[in-house]
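> Got a structure for you, written out below as structure tokens; questions coming shortly.
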Amino acid sequence: MTARRSIRRRLFFQLAGVAALLSLTFFLVLRSVAERAAEGTQDGILSASATAMADSLRSVADGVTLDLPYSALSMLGSVGQDRVFYRVVVDGQTLTGYDDLPLPSDIPSNGEPKFDTLAFRGDKVRVAVVSRTIGSLGSLIRADVAVAQTREALAATSRRITAIATGVGVGFFVLATLLSLWAAQSALAPIDRMTAAVTRRGPKDLRPVTTDTPTELVPLVDALNSFMSRLRASLLRTEDFIAEAAHRVRTPLATVRTQAEVTHHKLTKPEHKAAIREMIRAIDESARSAGQMLDHAMVTFRADSLAKDALDLVQLTTEACNRLAPTAELKDNTILRSQPDHPVTFHGDGILLQAALLNILDNAIKYSPADSDVFVSVTEGDEICLSVTDAGRGFGGVDVSRLTQRYQRGTNVGDIVGSGLGLTIADEVARAHGGRLAIAENPKGQGACVSLFLPR
Amino acid sequence: MRLAFLAALIWSCLSLPIRAFEVEDRVLYPASPAISELRILSTTDRAAFEPIILAFQAAHPGIAVDYTIASTTELMTALHDEGAVFDLAISSAMDLQTKLANDGFALTYSAANTGALPDWANWRKQVFAFTQEPAVLVVSDRFFASGTAPRTRDDLIDLLRADPDRFQGRVGTYDIRNSGFGYLMATQDSRNSQAFWRLMEVMGRLEAKLYCCSGDMIRDVSSGELALAYNVLGTYAAAQQALGVGIQIVVLEDYANVMMRTALIPVTARNVPDAQKMIDFLNALGTRPDLVAASGLAAIDQTALRENTALRPIRFGPGLLVFLDQLRRKNFLRNWQNSLFQE
């Protein structure tokens, strides 16, 4: 599998890109609207001023005169401190004002204001001009009134607007980017959750994934679940087959062993007896392997849906010791127990724990030299510890972690019958209960110490 | 040429030909050693401004000051029409200073300590106001016992109407045809109250005497030549009153126009840095009570304006240009003359 493109990153960059585009658009629109409004304000005041002047025009005996209204110019000071100019042209002659003020071309004669931006005395000025027709001495005269203002206040307003628009745009972009980040994160959170849920599973956990699944991922999860159920079925079939095969092998082996023992008694020649003993040994080994395979299959099966019965571990160890006491006695081994005098309660699967304990104890007896002690202890600390110590040969310093793998045996055990499944079973039982199996050399001398730690 | 033509139009009513502007006085304040020279064209009397110049030189040694005094209209002529070279122009005619700035004859300066002054104390960072001086009524002790002087324009009109014989030829005011300050006060009066025109008519009937300057009016009031003078510059009157010349100063209670003396740096300025220093110095006048006392020029004081609502400071703005309009000025002067010179 190759991870080329991150959905999160792509989602983030696409959202941030959209945010940037929107911010820019927002900035441009805001600025253009606000500047147009500011320009409109200036135009409005200019045209009001020009209209006020035009309305004050009156005809007198020697032509037309104008009493410049105070408000006509003072209103121009309401926005800023721009320079103002005006010019009144009557019949082509400048009546009053700045006679070099340029007038916009094509002044409408219907009294509507006409605006233009022109250069005057080294500055850009906004000019509004209105036209009036005045009756004088029986004839009609045309008068044009122009009012002009520099654009410094407008420029200042524009700078302020640009600054605000920039601030708003950048703020919007930053906010949108943060939200994109959050959106990308939260959109992909279910995937992270599912990943965590799947990762947390043990290696044997093949139950269907049941975490909250977003609609888009349902097909993927369904496919995964269906795959896992097929895998699980396949594994179960394999385990079933092994168990069945072991069972089928064990029963005839018992018959063969009995017959071999009978034959052993009948035979007189030592070499024949030795051959038969060898045969019995091989049969034992096979029976034992078959038994452990059965145990292992059982562990695999039961661990899937672990029982949570209340168990007394003291009683459990006592039973295990009692069951193996005859085997120990054959080798003159003594099983010594060190248990608390009160029940130690643990919730778990009694059959599995019994199997684990029997396997550990069986191993210990198997590797113990004749006439030695096997020490079994139950202690309570942060965890409950079921510990079995023998005085055998130990592990010869090999990597003990390997011993819990299937069919792995120590390097110093060639002369002893074993399948390599015993510690694997114990380990799996421990894990199924949320505990662990610790394998170590006997801290008090020769031998091994195998401990089953269970959580309290 | 066009500017000259425009100027001719503006000042045509003064019937003055285009000529070099008239200087009233010129004083040199040397510095030793003189590193630079600051040329000031001002309408402010020498007596009022000399303490400020000396304090300025004390604060900035090495600046020689060439102080030229002219009337407000002559100052306008010099800067607007003749392109006279000065580093600083100080005038009591706010409208003319505003027009200079509006027409592009002033340099912009972002003054360092204008922060101490209200926003309305400068226009376009080109015209800087540094005093506030009300236009007042000055009455003679010989005509008015203490406490009997009129307190409003209506009182004044009633008083003049009631006793025309007593006041015949005994009232004075500015000849607004020749005085920029007088014209500014008269136009502001006409905006504020209709009483102004009635007052002018009453004064006209009493054959009011017309003056070019506040100083002359105060002199004639103190000598008893005049019973009262209207629209006198309050700061000058206060300075004279302090000398004990037998005058009373009345700040009329209906309203009193408050003029602000302003400074600007003409575009012809050659020593801009020193002019800027002077503007900074003038802006800080409020922090120098000694100079206020010595010059008799009142610094801008917002508290005083808030406390006495009758004080109406003349605001900067394009509105000040209205009465400088050629036609408007012609019509205003005609109305004024019709009121004052009755056949």
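Residues in the structure tokens are numbered from 1 in each chain, the chains being A, B, ... in the order shown, and ligands are numbered from 1 in the order shown.
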Residues of segment 119-171 of chain B in strand (DSSP E) according to DSSP, as a PyMOL selection string?
chain B and resi 122-123+127-129+133-140+171
> Would you give me, as a compact mmCIF listing (two decimals) with N, CA and C atoms, in the first residue's frame, the residues of chain A that come within 7 Å of chain B, using only C-alpha atoms?

# COMPACT_ATOMS: atom_id res chain seq x y z
N LEU A 66 -25.58 87.26 -8.14
CA LEU A 66 -25.62 86.08 -7.26
C LEU A 66 -25.24 86.50 -5.86
N ASP A 67 -26.10 86.20 -4.89
CA ASP A 67 -25.71 86.33 -3.49
C ASP A 67 -25.31 84.95 -3.02
N LEU A 68 -24.02 84.70 -3.07
CA LEU A 68 -23.52 83.36 -2.75
C LEU A 68 -24.04 82.93 -1.38
N TYR A 70 -24.28 81.26 2.14
CA TYR A 70 -23.23 80.80 3.05
C TYR A 70 -23.15 79.28 3.07
N SER A 71 -24.34 78.64 3.10
CA SER A 71 -24.35 77.18 3.22
C SER A 71 -23.76 76.50 1.99
N LEU A 73 -21.11 76.98 0.36
CA LEU A 73 -19.70 76.60 0.52
C LEU A 73 -19.45 75.92 1.86
N SER A 74 -20.17 76.35 2.92
CA SER A 74 -19.86 75.78 4.23
C SER A 74 -20.19 74.29 4.26
N LEU A 76 -19.56 72.21 2.12
CA LEU A 76 -18.45 71.45 1.56
C LEU A 76 -17.38 71.15 2.61
N GLY A 77 -17.44 71.90 3.71
CA GLY A 77 -16.47 71.64 4.77
C GLY A 77 -16.92 70.57 5.73
N GLN A 81 -11.36 68.62 4.98
CA GLN A 81 -10.83 69.98 4.86
C GLN A 81 -10.28 70.18 3.47
N ARG A 83 -9.90 71.66 -0.33
CA ARG A 83 -9.99 72.98 -0.95
C ARG A 83 -11.21 73.00 -1.87
N VAL A 84 -11.89 74.15 -1.91
CA VAL A 84 -13.09 74.24 -2.75
C VAL A 84 -12.91 75.39 -3.75
N THR A 96 -18.67 85.16 -11.47
CA THR A 96 -17.89 85.23 -10.22
C THR A 96 -17.18 83.89 -10.02
N GLY A 97 -16.27 83.86 -9.05
CA GLY A 97 -15.56 82.63 -8.74
C GLY A 97 -14.22 82.56 -9.44
> Please provide as a VMD selection string all residues within 12 Å of Gly83 of chain B, with the sequence filter that same-chain residues fewer than 5 positions apart are discarded (counting only C-alpha atoms).
chain B and resid 3 to 4 19 to 21 75 to 78 100 105 to 106 266 to 269
> Quick one: residues within 12 Å of Leu140 of chain A, only C-alpha atoms, excluding same-chain residues fewer than 4 positions away - as a list in words?
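Everything that qualifies: Ser59, Gly63, Val64, Val90, Asp91, Arg132, Thr133, Ile134, Gly135 and Ser136 of chain A.
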> For those residues, write C-alpha atoms to a file as a PDB file, in the first residue's frame.

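result-v1.pdb, freshly written:
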ATOM      1  CA  SER A  59     -31.686  88.801 -12.702  1.00  0.00           C
ATOM      2  CA  GLY A  63     -27.888  91.400 -15.952  1.00  0.00           C
ATOM      3  CA  VAL A  64     -27.617  88.545 -13.506  1.00  0.00           C
ATOM      4  CA  VAL A  90     -23.457  83.454 -17.390  1.00  0.00           C
ATOM      5  CA  ASP A  91     -23.860  83.698 -21.107  1.00  0.00           C
ATOM      6  CA  ARG A 132     -30.010  77.110 -15.288  1.00  0.00           C
ATOM      7  CA  THR A 133     -31.912  79.311 -17.646  1.00  0.00           C
ATOM      8  CA  ILE A 134     -32.580  82.789 -16.291  1.00  0.00           C
ATOM      9  CA  GLY A 135     -34.883  85.356 -17.727  1.00  0.00           C
ATOM     10  CA  SER A 136     -33.241  88.735 -18.004  1.00  0.00           C
TER      11      SER A 136
END
> Please indicate the distance in Å from atom CA of Pro208 of chain A to atom CA of Leu437 of chain A, rounded to one decimal place.
27.9 Å
> Which of these, A:Gly92, A:Pro69, A:Pro113, A:Gly17, has the shortest distance to Asp43 of chain A once you count only C-alpha atoms?
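Smallest distance to Asp43 of chain A is found for A:Pro113.
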> If I take atom CA of Thr73 of chain B and atom CA of Met185 of chain B, how far is one from the other in Å, to one decimal?
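Those two atoms sit 14.2 Å apart.
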> Find the residues around Gly40 of chain A up to 12 Å (only C-alpha atoms counted), leave out those fewer than 5 positions away in its own chain, and share them as an NGL selection string.
:A and (32-35 or 45-48 or 115 or 126 or 128 or 154)
> Can you work out which one of B:Arg270, B:Arg170, B:Arg142, B:Arg161 has the shortest atom-to-atom distance to Ser222 of chain B, counting only C-alpha atoms?
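Nearest to Ser222 of chain B: B:Arg142.
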> So the first atom is atom CA of Gln149 of chain A and the second is atom CA of Gln276 of chain B; what is the distance between them in Å, to one decimal place?
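Interatomic distance here is 27.1 Å.
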> List the spatial neighbours of Cys321 of chain A as a list in words - criterion: any atom at most 9 Å away, only C-alpha atoms, same-chain residues fewer than 3 positions off excluded.
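So the residues in contact are Leu316, Thr317, Thr318, Leu324, Ala325, Ile335, Leu336, Arg337, Leu357, Leu358, Leu361 and Val376 of chain A.
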> Could those residues be written to a file, using N, CA and C atoms, as a CSV table (one decimal), in the first residue's frame?

chain,number,residue,atom,x,y,z
A,316,LEU,N,-8.6,-23.3,42.5
A,316,LEU,CA,-8.2,-23.7,41.1
A,316,LEU,C,-6.8,-24.3,41.2
A,317,THR,N,-5.9,-23.7,41.8
A,317,THR,CA,-4.5,-24.2,41.9
A,317,THR,C,-4.5,-25.5,42.7
A,318,THR,N,-5.3,-25.6,43.7
A,318,THR,CA,-5.3,-26.8,44.5
A,318,THR,C,-5.8,-28.0,43.7
A,324,LEU,N,-2.3,-33.4,39.2
A,324,LEU,CA,-1.0,-33.8,38.7
A,324,LEU,C,-0.2,-34.5,39.8
A,325,ALA,N,-0.8,-34.6,41.0
A,325,ALA,CA,0.0,-35.2,42.1
A,325,ALA,C,0.4,-36.6,41.7
A,335,ILE,N,4.8,-31.6,45.1
A,335,ILE,CA,4.3,-30.3,44.8
A,335,ILE,C,4.0,-29.6,46.1
A,336,LEU,N,4.7,-28.5,46.2
A,336,LEU,CA,4.5,-27.7,47.4
A,336,LEU,C,3.7,-26.5,47.1
A,337,ARG,N,2.7,-26.2,47.9
A,337,ARG,CA,1.8,-25.0,47.6
A,337,ARG,C,2.0,-23.9,48.6
A,357,LEU,N,-2.9,-23.7,33.7
A,357,LEU,CA,-2.2,-24.1,34.9
A,357,LEU,C,-1.6,-25.5,34.8
A,358,LEU,N,-2.5,-26.4,34.3
A,358,LEU,CA,-2.1,-27.8,34.1
A,358,LEU,C,-0.9,-27.9,33.2
A,361,LEU,N,2.2,-26.6,35.0
A,361,LEU,CA,2.6,-27.5,36.1
A,361,LEU,C,3.2,-28.8,35.4
A,376,VAL,N,4.5,-24.3,43.9
A,376,VAL,CA,3.4,-23.5,43.3
A,376,VAL,C,2.9,-22.4,44.3
> Could you write out, as a PyMOL selection string, all the residues of segment 29-108 of chain A that DSSP marks as helix (DSSP H, G or I)?
chain A and resi 29-56+70-78
> Mind checking which residues fall within 12 Å of Gln354 of chain A, counting only C-alpha atoms, ignoring those fewer than 2 positions away in the same chain, and posting them as an MDAnalysis selection string?
chainID A and resid 295 299 311:324 348:352 356:362 386 425:426 429:430 452
> How would the residues just picked look written out with C-alpha atoms as an mmCIF file, in the first residue's frame?

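The new file result34.cif reads:
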data_model
loop_
_atom_site.group_PDB
_atom_site.id
_atom_site.type_symbol
_atom_site.label_atom_id
_atom_site.label_comp_id
_atom_site.auth_asym_id
_atom_site.auth_seq_id
_atom_site.Cartn_x
_atom_site.Cartn_y
_atom_site.Cartn_z
ATOM 1 C CA ASP A 295 -6.394 -27.699 24.476
ATOM 2 C CA VAL A 299 -8.384 -21.922 24.051
ATOM 3 C CA LEU A 311 -13.488 -18.186 40.376
ATOM 4 C CA ASP A 312 -11.434 -18.924 43.450
ATOM 5 C CA LEU A 313 -7.871 -19.152 42.230
ATOM 6 C CA VAL A 314 -6.766 -20.914 45.436
ATOM 7 C CA GLN A 315 -9.216 -23.685 44.805
ATOM 8 C CA LEU A 316 -8.221 -23.722 41.132
ATOM 9 C CA THR A 317 -4.534 -24.227 41.899
ATOM 10 C CA THR A 318 -5.306 -26.828 44.523
ATOM 11 C CA GLU A 319 -7.361 -28.836 42.023
ATOM 12 C CA ALA A 320 -4.603 -28.593 39.399
ATOM 13 C CA CYS A 321 -1.990 -29.737 41.888
ATOM 14 C CA ASN A 322 -4.170 -32.621 43.015
ATOM 15 C CA ARG A 323 -4.738 -33.716 39.422
ATOM 16 C CA LEU A 324 -1.044 -33.840 38.672
ATOM 17 C CA GLY A 348 -12.654 -15.482 34.086
ATOM 18 C CA ASP A 349 -12.975 -18.761 32.277
ATOM 19 C CA GLY A 350 -12.243 -21.571 34.732
ATOM 20 C CA ILE A 351 -11.637 -24.206 32.086
ATOM 21 C CA LEU A 352 -9.053 -22.090 30.280
ATOM 22 C CA ALA A 356 -3.093 -23.092 31.412
ATOM 23 C CA LEU A 357 -2.151 -24.067 34.944
ATOM 24 C CA LEU A 358 -2.068 -27.771 34.098
ATOM 25 C CA ASN A 359 0.219 -27.126 31.154
ATOM 26 C CA ILE A 360 2.616 -25.014 33.209
ATOM 27 C CA LEU A 361 2.610 -27.529 36.059
ATOM 28 C CA ASP A 362 2.978 -30.449 33.657
ATOM 29 C CA LEU A 386 0.171 -17.805 39.844
ATOM 30 C CA ILE A 425 -1.595 -22.234 25.560
ATOM 31 C CA ALA A 426 -0.754 -20.632 28.897
ATOM 32 C CA VAL A 429 -5.090 -17.842 28.196
ATOM 33 C CA ALA A 430 -3.238 -15.098 30.052
ATOM 34 C CA LEU A 452 0.814 -16.240 35.159
#
> Choose the residue, out of A:Val129, A:Ala155, A:Leu11, A:Val170, that has the smallest atom-to-atom separation from Phe27 of chain A; count only C-alpha atoms.
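With only C-alpha atoms as the atom set, the closest residue is A:Val170.
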